[in-house]
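Each remark here refers to the structure printed beneath this line.
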Amino acid sequence: MSSIIEKYYNDNNVAPALVKQKIERLGQNPDIEKEFEYWIENKQYKPDSMEIEGYTAQKLSQLSKYLIGEGAFMLLIELRESPDKAHKKIARGFKVK
């Protein structure tokens with residue numbers, strides 16, 4: 001478990017059950033977890049970011065204000081685990097209901 005990420009979620013008042021769920025998903029994707037830690041600590045995306053399905057976290061963050069930071073990293077996980085679902089989400093945009 002990443003103490004950096006756990007502190008980030010706690011500082012941002014994320015519900016404990018959701019924190020546990022998000023940390024588990026990130027833990028299953030250690031490369032994405034490390035990039036997220038870098039973003040938390042440096043307030044910027046890694047210059048040599050990994051690309052999944054044609055996207056980096058920074059590219060995703062440019063698609064919507066809802067994807068800046070944590071949202072971009074969680075969508076990278078979704079692109080890896082369920083690419084078709086994630087591509088559909090990207091194609092629909094990120095409208096708030």
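Within each chain, counting starts at residue 1; across the structure tokens, chains are named A, B, ... in the order shown, with ligands numbered 1 upward in that order.
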
Any idea what's packed within 10 Å of Gly27 (chain A), counting only C-alpha atoms, ignoring anything in its chain fewer than 6 positions away? Could you give it as a count of residues only? 5

Of the candidates A:Tyr45, A:Phe36, A:Phe94, A:Tyr8, which shows the shortest atom-to-atom distance to Ile77 (chain A), using only C-alpha atoms?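 Closest to Ile77 (chain A) of all the choices is A:Phe36.
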
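For the pair CA of Thr56 (chain A) and CA of Pro16 (chain A), the interatomic distance is 27.7 Å.
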
For Met74 (chain A), find every residue with an atom within 12 Å (counting only C-alpha atoms), except residues of its own chain fewer than 4 positions away, and show them as number ranges by chain. A: 21-29, 32-33, 35-36, 52, 56-57, 60-61, 66-70, 78-82, 86

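Nearest to Phe73 (chain A) of all the residues A:Lys59, A:Arg92, A:Lys85, A:Lys7 is A:Lys59, based on only C-alpha atoms.
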
Using Å and a single decimal, report how far CA of Gly93 (chain A) sits from CA of Lys65 (chain A).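 Computing the Euclidean distance for CA of Lys65 (chain A) and CA of Gly93 (chain A) yields 11.2 Å.
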
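For the atom pair formed by CA of Pro30 (chain A) and CA of Asn12 (chain A), the distance is 21.7 Å, given to one decimal.
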